[in-house]
$ cat final-v3.cif   # mmCIF, C-alpha atoms
data_data
loop_
_atom_site.label_atom_id
_atom_site.label_comp_id
_atom_site.auth_asym_id
_atom_site.auth_seq_id
_atom_site.Cartn_x
_atom_site.Cartn_y
_atom_site.Cartn_z
CA MET X 1 10.68 -9.54 -13.20
CA VAL X 2 14.38 -10.00 -12.52
CA MET X 3 13.71 -12.23 -9.53
CA ILE X 4 11.44 -14.44 -11.66
CA PHE X 5 14.25 -14.84 -14.19
CA ALA X 6 16.77 -15.38 -11.38
CA GLY X 7 14.80 -17.99 -9.45
CA GLY X 8 12.40 -19.47 -11.96
CA HIS X 9 14.71 -22.33 -12.87
CA ILE X 10 15.38 -23.13 -9.20
CA SER X 11 11.99 -23.17 -7.52
CA GLY X 12 9.60 -22.15 -10.25
CA GLY X 13 9.84 -18.59 -8.91
CA HIS X 14 7.58 -19.18 -5.91
CA TYR X 15 7.65 -15.71 -4.31
CA ASN X 16 3.90 -15.30 -3.94
CA ALA X 17 1.55 -17.43 -1.81
CA ALA X 18 -1.41 -16.75 -4.11
CA VAL X 19 0.68 -17.98 -7.06
CA THR X 20 1.78 -21.04 -5.08
CA LEU X 21 -1.87 -21.80 -4.30
CA GLY X 22 -2.88 -21.34 -7.94
CA VAL X 23 -0.04 -23.47 -9.29
CA TRP X 24 -0.81 -26.16 -6.70
CA LEU X 25 -4.53 -26.18 -7.59
CA ARG X 26 -3.54 -26.27 -11.27
CA GLY X 27 -1.65 -29.47 -10.40
CA ARG X 28 1.91 -28.29 -10.90
CA CYS X 29 3.21 -27.95 -7.33
CA ASP X 30 3.66 -30.88 -4.99
CA THR X 31 1.46 -30.71 -1.92
CA LYS X 32 4.53 -31.25 0.29
CA ASP X 33 6.03 -27.99 -1.07
CA VAL X 34 3.05 -25.68 -0.50
CA ALA X 35 3.43 -25.01 3.23
CA PRO X 36 7.24 -24.61 3.14
CA TYR X 37 6.96 -22.19 0.21
CA ILE X 38 4.31 -20.09 1.93
CA ILE X 39 6.19 -20.06 5.23
CA ALA X 40 9.37 -18.97 3.43
CA GLN X 41 7.47 -16.28 1.49
CA VAL X 42 5.89 -14.77 4.58
CA ALA X 43 9.11 -14.99 6.62
CA ALA X 44 11.08 -13.31 3.82
CA ALA X 45 8.50 -10.53 3.54
CA ALA X 46 8.53 -9.91 7.29
CA LEU X 47 12.34 -9.84 7.39
CA ALA X 48 12.48 -7.50 4.40
CA ALA X 49 9.95 -5.21 6.05
CA LEU X 50 11.95 -5.17 9.28
CA ALA X 51 15.10 -4.32 7.30
CA VAL X 52 13.32 -1.41 5.63
CA LYS X 53 11.98 -0.21 8.99
CA PHE X 54 15.53 -0.27 10.34
CA LEU X 55 16.94 1.58 7.34
CA LYS X 56 14.13 4.15 7.47
CA ALA X 57 14.15 4.57 11.26
CA GLY X 58 12.65 7.89 12.26
CA VAL X 59 10.64 8.29 9.05
CA ALA X 60 6.97 8.92 9.85
CA VAL X 61 4.62 6.40 8.24
CA THR X 62 0.90 6.91 7.80
CA PRO X 63 -1.09 3.75 7.06
CA MET X 64 -3.17 3.73 3.89
CA ASN X 65 -6.82 4.52 4.39
CA LEU X 66 -8.41 1.53 2.67
CA ASP X 67 -12.01 1.25 1.54
CA THR X 68 -12.95 -2.41 1.96
CA VAL X 69 -14.91 -3.14 -1.24
CA PRO X 70 -12.63 -1.26 -3.68
CA THR X 71 -9.57 -2.83 -2.06
CA LEU X 72 -11.06 -6.32 -2.21
CA LEU X 73 -11.97 -5.85 -5.87
CA ALA X 74 -8.63 -4.30 -6.88
CA GLU X 75 -6.61 -6.99 -5.13
CA PHE X 76 -8.80 -9.78 -6.48
CA LEU X 77 -8.70 -8.58 -10.10
CA PHE X 78 -4.98 -7.98 -10.33
CA THR X 79 -3.99 -11.01 -8.27
CA PHE X 80 -6.21 -13.07 -10.58
CA ALA X 81 -4.45 -11.51 -13.59
CA LEU X 82 -1.04 -12.19 -12.06
CA VAL X 83 -1.73 -15.83 -11.16
CA PHE X 84 -3.42 -16.46 -14.51
CA VAL X 85 -0.40 -15.02 -16.34
CA VAL X 86 2.01 -17.11 -14.25
CA ILE X 87 0.08 -20.31 -14.86
CA ASN X 88 -0.18 -19.64 -18.59
CA ALA X 89 3.31 -18.23 -19.17
CA ALA X 90 5.30 -20.49 -16.86
CA THR X 91 3.42 -23.80 -16.62
CA ALA X 92 1.37 -24.31 -19.78
CA LYS X 93 2.58 -26.67 -22.47
CA GLY X 94 1.67 -24.04 -25.09
CA THR X 95 4.35 -21.69 -23.72
CA GLU X 96 6.98 -24.34 -23.03
CA ASN X 97 10.58 -23.22 -23.61
CA ASN X 98 9.59 -19.56 -23.78
CA SER X 99 11.99 -16.86 -22.71
CA PHE X 100 9.38 -14.20 -21.92
CA TYR X 101 7.69 -15.57 -18.81
CA GLY X 102 9.58 -13.23 -16.44
CA ALA X 103 8.72 -10.19 -18.53
CA ALA X 104 5.06 -11.17 -18.77
CA ILE X 105 4.84 -11.69 -15.01
CA GLY X 106 6.75 -8.51 -14.18
CA MET X 107 4.67 -6.40 -16.55
CA THR X 108 1.48 -7.76 -14.97
CA VAL X 109 2.66 -6.66 -11.52
CA MET X 110 3.75 -3.26 -12.84
CA THR X 111 0.45 -2.71 -14.65
CA GLY X 112 -1.49 -3.61 -11.52
CA ALA X 113 0.63 -1.32 -9.35
CA PHE X 114 0.00 1.61 -11.69
CA ALA X 115 -3.69 0.80 -12.13
CA VAL X 116 -4.77 0.19 -8.54
CA GLY X 117 -1.78 0.95 -6.31
CA GLY X 118 -3.53 4.08 -5.10
CA ILE X 119 -6.63 2.07 -4.18
CA SER X 120 -5.16 -0.98 -2.45
CA GLY X 121 -1.42 -0.48 -2.27
CA GLY X 122 -0.97 -3.02 -5.07
CA ALA X 123 0.13 -5.99 -2.98
CA PHE X 124 -1.22 -8.88 -5.12
CA ASN X 125 0.65 -11.24 -2.79
CA PRO X 126 -0.21 -12.34 0.77
CA ALA X 127 3.46 -12.12 1.75
CA VAL X 128 3.61 -8.51 0.52
CA ALA X 129 0.47 -7.82 2.55
CA VAL X 130 2.33 -9.08 5.63
CA GLY X 131 5.29 -6.91 4.68
CA ILE X 132 3.30 -3.71 4.26
CA SER X 133 1.47 -4.42 7.51
CA THR X 134 4.78 -4.99 9.29
CA MET X 135 5.97 -1.63 7.95
CA SER X 136 2.71 0.01 9.13
CA LEU X 137 1.82 1.00 5.56
CA ALA X 138 -1.41 -0.95 6.03
CA SER X 139 -3.19 -1.63 9.28
CA TRP X 140 -3.05 -5.20 10.62
CA GLY X 141 -6.82 -4.89 10.96
CA ASN X 142 -7.01 -4.84 7.15
CA ILE X 143 -4.82 -7.89 6.49
CA TRP X 144 -7.92 -10.02 6.00
CA ILE X 145 -8.89 -7.94 2.96
CA TYR X 146 -5.65 -8.85 1.22
CA LEU X 147 -5.69 -12.50 2.26
CA VAL X 148 -9.29 -13.11 1.21
CA ALA X 149 -8.94 -11.31 -2.14
CA GLU X 150 -5.56 -12.75 -3.06
CA PHE X 151 -6.14 -16.38 -2.10
CA ALA X 152 -9.57 -16.33 -3.75
CA ALA X 153 -7.99 -14.88 -6.89
CA GLY X 154 -5.27 -17.53 -6.93
CA ALA X 155 -7.87 -20.28 -6.68
CA ALA X 156 -10.08 -18.65 -9.33
CA ALA X 157 -7.16 -18.31 -11.76
CA ALA X 158 -6.30 -22.00 -11.37
CA MET X 159 -9.90 -23.01 -11.93
CA MET X 160 -10.16 -20.77 -14.99
CA PHE X 161 -7.01 -22.32 -16.45
CA LYS X 162 -8.43 -25.81 -15.88
CA ILE X 163 -11.68 -24.81 -17.58
CA LEU X 164 -9.94 -23.21 -20.56
CA CYS X 165 -7.15 -25.81 -20.91
CA PRO X 166 -8.54 -29.12 -19.62
CA ASP X 167 -6.02 -31.22 -21.56
CA ASP X 168 -2.92 -29.35 -20.40
CA LYS X 169 -1.19 -31.76 -18.05
CA LYS X 170 2.44 -30.86 -18.86
CA SER X 171 4.60 -28.57 -16.77
CA LEU X 172 7.44 -26.31 -17.88
CA PHE X 173 9.25 -26.54 -14.53
CA ALA X 174 9.99 -29.87 -12.91
CA ALA X 175 9.28 -28.33 -9.47
CA ILE X 176 5.87 -27.07 -10.50
#
$ encode --input "final-v3.cif" --output "structure tokens"
Amino acid sequence: MVMIFAGGHISGGHYNAAVTLGVWLRGRCDTKDVAPYIIAQVAAAALAALAVKFLKAGVAVTPMNLDTVPTLLAEFLFTFALVFVVINAATAKGTENNSFYGAAIGMTVMTGAFAVGGISGGAFNPAVAVGISTMSLASWGNIWIYLVAEFAAGAAAAMMFKILCPDDKKSLFAAI
């Protein structure tokens, strides 16, 4: 939540590749910005994971034992919720000039982490999936589960917004 408030006015708070995809498909992110945002998100997650591995050197880590279908469903549902909240709270003309977008987004992540963190790890973000894989909290062999669920959810949230709000063409953030 605090990072959304801190960076929302700078970049639109693009910390999540599924959100970037959803906002782009919604029509509020320039195509030229999508790849640089996603590259920066994944690089930042990998560097953060390496920093944590360094700080926690010697601590034994056991990867999560993921069940494919429950993990796919958990990650899809809560990534969909997250992207849908972002699009509605931070880019819709009906919520223009609001001061709650960071809280709404942060609470969505927190709710998802509590609800399904024990099932999927609660990534809801392809960059976080890279981070937890780098830290050996999830097996690299399972990265596809996160990527498929999260990118599909981002696309679905954008399409749902377009269906529900076909006349909304205005953006809250100039960068989005």
$ atom_distance --input "final-v3.cif" --atom1 "atom CA of X:Gly102" --atom2 "atom CA of X:Leu147"
24.2 Å
$ resolve_selection --input "final-v3.cif" --expression "the PyMOL selection byres ((chain X and resi 95) around 12)" --output "list in words"
Val85, Val86, Ile87, Asn88, Ala89, Ala90, Thr91, Ala92, Lys93, Gly94, Glu96, Asn97, Asn98, Ser99, Phe100, Tyr101, Ala104, Asp168, Lys170, Ser171, Leu172 and Phe173 of chain X
$ residues_around --input "final-v3.cif" --residues "stretch 116-121 of chain X" --least-positions-apart "3" --cutoff "6 Å" --atoms "all atoms listed in the file" --output "NGL selection string"
:X and (71 or 112-113)
$ closest_residue --input "final-v3.cif" --among "X:Met135, X:Asn142, X:Ser11, X:Gly122" --to "X:Phe76" --atoms "all atoms listed in the file"
X:Gly122
$ resolve_selection --input "final-v3.cif" --expression "the PyMOL selection byres ((chain X and resi 161) around 12)" --output "NGL selection string"
:X and (22-23 or 25-27 or 80-81 or 83-89 or 91-92 or 154-160 or 162-169)
$ closest_residue --input "final-v3.cif" --among "X:Asn65, X:Thr108, X:Gln41, X:Ser139" --to "X:Ala18" --atoms "only C-alpha atoms"
X:Gln41
$ atom_distance --input "final-v3.cif" --atom1 "atom CA of X:Thr31" --atom2 "atom CA of X:Val128"
22.4 Å
$ atom_distance --input "final-v3.cif" --atom1 "atom CA of X:Ser133" --atom2 "atom CA of X:Lys32"
28.0 Å
$ residues_near_point --input "final-v3.cif" --point "(-7.8, -5.8, -5.4)" --cutoff "8 Å" --atoms "all atoms listed in the file" --output "list in words"
Pro70, Thr71, Leu72, Leu73, Ala74, Glu75, Phe76, Leu77, Phe78, Thr79, Val116, Ser120, Gly122, Phe124, Tyr146, Ala149 and Glu150 of chain X
$ residues_around --input "final-v3.cif" --residues "X:Ser136" --least-positions-apart "6" --cutoff "12 Å" --atoms "only C-alpha atoms" --output "number ranges by chain"
X: 46, 49-50, 52-53, 59-65, 129-130, 142-143
$ closest_residue --input "final-v3.cif" --among "X:Gly8, X:Val109, X:Val148, X:Leu66" --to "X:Ala123" --atoms "all atoms listed in the file"
X:Val109
$ closest_residue --input "final-v3.cif" --among "X:Cys29, X:Leu137, X:Met110, X:Ala127" --to "X:Ala17" --atoms "only C-alpha atoms"
X:Ala127
$ axis_aligned_box --input "final-v3.cif" --around "stretch 99-102 of chain X" --padding-each-side "4 Å" --output "JSON"
{"center_x": 9.8, "center_y": -15.0, "center_z": -19.6, "size_x": 12.3, "size_y": 11.6, "size_z": 14.3}
$ closest_residue --input "final-v3.cif" --among "X:Leu82, X:Ile132, X:Ala153, X:Met3" --to "X:Tyr15" --atoms "all atoms listed in the file"
X:Met3
$ decode --input "final-v3.cif" --residues "stretch 128-169 of chain X" --atoms "N, CA and C atoms" --output "PDB file, in the first residue's frame"
ATOM      1  N   VAL X 128       6.849 -11.186  -8.424  1.00  0.00           N
ATOM      2  CA  VAL X 128       6.949 -11.845  -7.116  1.00  0.00           C
ATOM      3  C   VAL X 128       7.183 -13.341  -7.318  1.00  0.00           C
ATOM      4  N   ALA X 129       6.549 -13.924  -8.318  1.00  0.00           N
ATOM      5  CA  ALA X 129       6.774 -15.342  -8.612  1.00  0.00           C
ATOM      6  C   ALA X 129       8.244 -15.592  -8.943  1.00  0.00           C
ATOM      7  N   VAL X 130       8.858 -14.690  -9.694  1.00  0.00           N
ATOM      8  CA  VAL X 130      10.288 -14.801  -9.979  1.00  0.00           C
ATOM      9  C   VAL X 130      11.084 -14.667  -8.680  1.00  0.00           C
ATOM     10  N   GLY X 131      10.679 -13.737  -7.835  1.00  0.00           N
ATOM     11  CA  GLY X 131      11.372 -13.537  -6.563  1.00  0.00           C
ATOM     12  C   GLY X 131      11.310 -14.752  -5.654  1.00  0.00           C
ATOM     13  N   ILE X 132      10.117 -15.326  -5.506  1.00  0.00           N
ATOM     14  CA  ILE X 132      10.011 -16.485  -4.610  1.00  0.00           C
ATOM     15  C   ILE X 132      10.700 -17.707  -5.197  1.00  0.00           C
ATOM     16  N   SER X 133      10.778 -17.772  -6.518  1.00  0.00           N
ATOM     17  CA  SER X 133      11.518 -18.866  -7.153  1.00  0.00           C
ATOM     18  C   SER X 133      13.022 -18.661  -6.960  1.00  0.00           C
ATOM     19  N   THR X 134      13.473 -17.427  -7.085  1.00  0.00           N
ATOM     20  CA  THR X 134      14.885 -17.112  -6.856  1.00  0.00           C
ATOM     21  C   THR X 134      15.297 -17.452  -5.423  1.00  0.00           C
ATOM     22  N   MET X 135      14.378 -17.253  -4.490  1.00  0.00           N
ATOM     23  CA  MET X 135      14.658 -17.538  -3.078  1.00  0.00           C
ATOM     24  C   MET X 135      14.450 -19.006  -2.729  1.00  0.00           C
ATOM     25  N   SER X 136      14.049 -19.808  -3.711  1.00  0.00           N
ATOM     26  CA  SER X 136      13.767 -21.239  -3.529  1.00  0.00           C
ATOM     27  C   SER X 136      12.551 -21.500  -2.651  1.00  0.00           C
ATOM     28  N   LEU X 137      11.669 -20.520  -2.528  1.00  0.00           N
ATOM     29  CA  LEU X 137      10.408 -20.735  -1.810  1.00  0.00           C
ATOM     30  C   LEU X 137       9.407 -21.471  -2.693  1.00  0.00           C
ATOM     31  N   ALA X 138       9.576 -21.332  -3.994  1.00  0.00           N
ATOM     32  CA  ALA X 138       8.791 -22.081  -4.976  1.00  0.00           C
ATOM     33  C   ALA X 138       9.779 -22.654  -5.981  1.00  0.00           C
ATOM     34  N   SER X 139       9.478 -23.803  -6.485  1.00  0.00           N
ATOM     35  CA  SER X 139      10.338 -24.445  -7.468  1.00  0.00           C
ATOM     36  C   SER X 139      10.230 -23.730  -8.815  1.00  0.00           C
ATOM     37  N   TRP X 140      11.374 -23.582  -9.509  1.00  0.00           N
ATOM     38  CA  TRP X 140      11.335 -22.990 -10.852  1.00  0.00           C
ATOM     39  C   TRP X 140      10.444 -23.791 -11.791  1.00  0.00           C
ATOM     40  N   GLY X 141      10.285 -25.078 -11.507  1.00  0.00           N
ATOM     41  CA  GLY X 141       9.400 -25.905 -12.324  1.00  0.00           C
ATOM     42  C   GLY X 141       7.935 -25.506 -12.211  1.00  0.00           C
ATOM     43  N   ASN X 142       7.603 -24.734 -11.186  1.00  0.00           N
ATOM     44  CA  ASN X 142       6.217 -24.282 -10.992  1.00  0.00           C
ATOM     45  C   ASN X 142       5.981 -22.847 -11.444  1.00  0.00           C
ATOM     46  N   ILE X 143       6.985 -22.182 -11.968  1.00  0.00           N
ATOM     47  CA  ILE X 143       6.827 -20.773 -12.352  1.00  0.00           C
ATOM     48  C   ILE X 143       5.720 -20.594 -13.384  1.00  0.00           C
ATOM     49  N   TRP X 144       5.534 -21.583 -14.234  1.00  0.00           N
ATOM     50  CA  TRP X 144       4.511 -21.479 -15.265  1.00  0.00           C
ATOM     51  C   TRP X 144       3.118 -21.334 -14.657  1.00  0.00           C
ATOM     52  N   ILE X 145       2.888 -21.972 -13.510  1.00  0.00           N
ATOM     53  CA  ILE X 145       1.580 -21.884 -12.859  1.00  0.00           C
ATOM     54  C   ILE X 145       1.266 -20.425 -12.544  1.00  0.00           C
ATOM     55  N   TYR X 146       2.240 -19.747 -11.948  1.00  0.00           N
ATOM     56  CA  TYR X 146       2.044 -18.343 -11.602  1.00  0.00           C
ATOM     57  C   TYR X 146       1.869 -17.485 -12.843  1.00  0.00           C
ATOM     58  N   LEU X 147       2.739 -17.665 -13.825  1.00  0.00           N
ATOM     59  CA  LEU X 147       2.690 -16.822 -15.017  1.00  0.00           C
ATOM     60  C   LEU X 147       1.385 -16.984 -15.784  1.00  0.00           C
ATOM     61  N   VAL X 148       0.946 -18.213 -15.969  1.00  0.00           N
ATOM     62  CA  VAL X 148      -0.312 -18.458 -16.686  1.00  0.00           C
ATOM     63  C   VAL X 148      -1.483 -17.844 -15.921  1.00  0.00           C
ATOM     64  N   ALA X 149      -1.588 -18.146 -14.633  1.00  0.00           N
ATOM     65  CA  ALA X 149      -2.719 -17.656 -13.837  1.00  0.00           C
ATOM     66  C   ALA X 149      -2.729 -16.137 -13.755  1.00  0.00           C
ATOM     67  N   GLU X 150      -1.583 -15.538 -13.498  1.00  0.00           N
ATOM     68  CA  GLU X 150      -1.537 -14.098 -13.258  1.00  0.00           C
ATOM     69  C   GLU X 150      -1.722 -13.279 -14.527  1.00  0.00           C
ATOM     70  N   PHE X 151      -1.080 -13.678 -15.615  1.00  0.00           N
ATOM     71  CA  PHE X 151      -1.273 -12.926 -16.855  1.00  0.00           C
ATOM     72  C   PHE X 151      -2.693 -13.117 -17.394  1.00  0.00           C
ATOM     73  N   ALA X 152      -3.237 -14.315 -17.267  1.00  0.00           N
ATOM     74  CA  ALA X 152      -4.624 -14.537 -17.687  1.00  0.00           C
ATOM     75  C   ALA X 152      -5.577 -13.693 -16.846  1.00  0.00           C
ATOM     76  N   ALA X 153      -5.314 -13.587 -15.560  1.00  0.00           N
ATOM     77  CA  ALA X 153      -6.166 -12.788 -14.677  1.00  0.00           C
ATOM     78  C   ALA X 153      -6.077 -11.307 -15.021  1.00  0.00           C
ATOM     79  N   GLY X 154      -4.867 -10.821 -15.316  1.00  0.00           N
ATOM     80  CA  GLY X 154      -4.713  -9.421 -15.705  1.00  0.00           C
ATOM     81  C   GLY X 154      -5.500  -9.100 -16.962  1.00  0.00           C
ATOM     82  N   ALA X 155      -5.422  -9.989 -17.942  1.00  0.00           N
ATOM     83  CA  ALA X 155      -6.175  -9.795 -19.184  1.00  0.00           C
ATOM     84  C   ALA X 155      -7.677  -9.871 -18.927  1.00  0.00           C
ATOM     85  N   ALA X 156      -8.105 -10.820 -18.122  1.00  0.00           N
ATOM     86  CA  ALA X 156      -9.535 -10.973 -17.821  1.00  0.00           C
ATOM     87  C   ALA X 156     -10.085  -9.756 -17.081  1.00  0.00           C
ATOM     88  N   ALA X 157      -9.312  -9.204 -16.158  1.00  0.00           N
ATOM     89  CA  ALA X 157      -9.763  -8.025 -15.417  1.00  0.00           C
ATOM     90  C   ALA X 157      -9.932  -6.826 -16.352  1.00  0.00           C
ATOM     91  N   ALA X 158      -9.003  -6.656 -17.282  1.00  0.00           N
ATOM     92  CA  ALA X 158      -9.113  -5.558 -18.246  1.00  0.00           C
ATOM     93  C   ALA X 158     -10.348  -5.736 -19.127  1.00  0.00           C
ATOM     94  N   MET X 159     -10.567  -6.951 -19.584  1.00  0.00           N
ATOM     95  CA  MET X 159     -11.735  -7.202 -20.424  1.00  0.00           C
ATOM     96  C   MET X 159     -13.038  -6.987 -19.643  1.00  0.00           C
ATOM     97  N   MET X 160     -13.057  -7.403 -18.390  1.00  0.00           N
ATOM     98  CA  MET X 160     -14.247  -7.198 -17.570  1.00  0.00           C
ATOM     99  C   MET X 160     -14.513  -5.707 -17.377  1.00  0.00           C
ATOM    100  N   PHE X 161     -13.465  -4.937 -17.131  1.00  0.00           N
ATOM    101  CA  PHE X 161     -13.641  -3.493 -16.991  1.00  0.00           C
ATOM    102  C   PHE X 161     -14.227  -2.908 -18.267  1.00  0.00           C
ATOM    103  N   LYS X 162     -13.686  -3.311 -19.418  1.00  0.00           N
ATOM    104  CA  LYS X 162     -14.181  -2.787 -20.692  1.00  0.00           C
ATOM    105  C   LYS X 162     -15.638  -3.161 -20.932  1.00  0.00           C
ATOM    106  N   ILE X 163     -16.033  -4.355 -20.492  1.00  0.00           N
ATOM    107  CA  ILE X 163     -17.430  -4.780 -20.637  1.00  0.00           C
ATOM    108  C   ILE X 163     -18.333  -3.958 -19.720  1.00  0.00           C
ATOM    109  N   LEU X 164     -17.904  -3.775 -18.476  1.00  0.00           N
ATOM    110  CA  LEU X 164     -18.730  -3.074 -17.495  1.00  0.00           C
ATOM    111  C   LEU X 164     -18.709  -1.558 -17.654  1.00  0.00           C
ATOM    112  N   CYS X 165     -17.643  -1.017 -18.216  1.00  0.00           N
ATOM    113  CA  CYS X 165     -17.489   0.442 -18.339  1.00  0.00           C
ATOM    114  C   CYS X 165     -17.053   0.817 -19.756  1.00  0.00           C
ATOM    115  N   PRO X 166     -17.868   0.527 -20.753  1.00  0.00           N
ATOM    116  CA  PRO X 166     -17.423   0.728 -22.138  1.00  0.00           C
ATOM    117  C   PRO X 166     -17.177   2.191 -22.504  1.00  0.00           C
ATOM    118  N   ASP X 167     -17.764   3.126 -21.775  1.00  0.00           N
ATOM    119  CA  ASP X 167     -17.608   4.538 -22.102  1.00  0.00           C
ATOM    120  C   ASP X 167     -16.487   5.220 -21.333  1.00  0.00           C
ATOM    121  N   ASP X 168     -15.808   4.478 -20.462  1.00  0.00           N
ATOM    122  CA  ASP X 168     -14.755   5.078 -19.643  1.00  0.00           C
ATOM    123  C   ASP X 168     -13.465   5.152 -20.449  1.00  0.00           C
ATOM    124  N   LYS X 169     -13.161   6.312 -20.935  1.00  0.00           N
ATOM    125  CA  LYS X 169     -11.951   6.509 -21.745  1.00  0.00           C
ATOM    126  C   LYS X 169     -10.948   7.419 -21.048  1.00  0.00           C
TER     127      LYS X 169
END
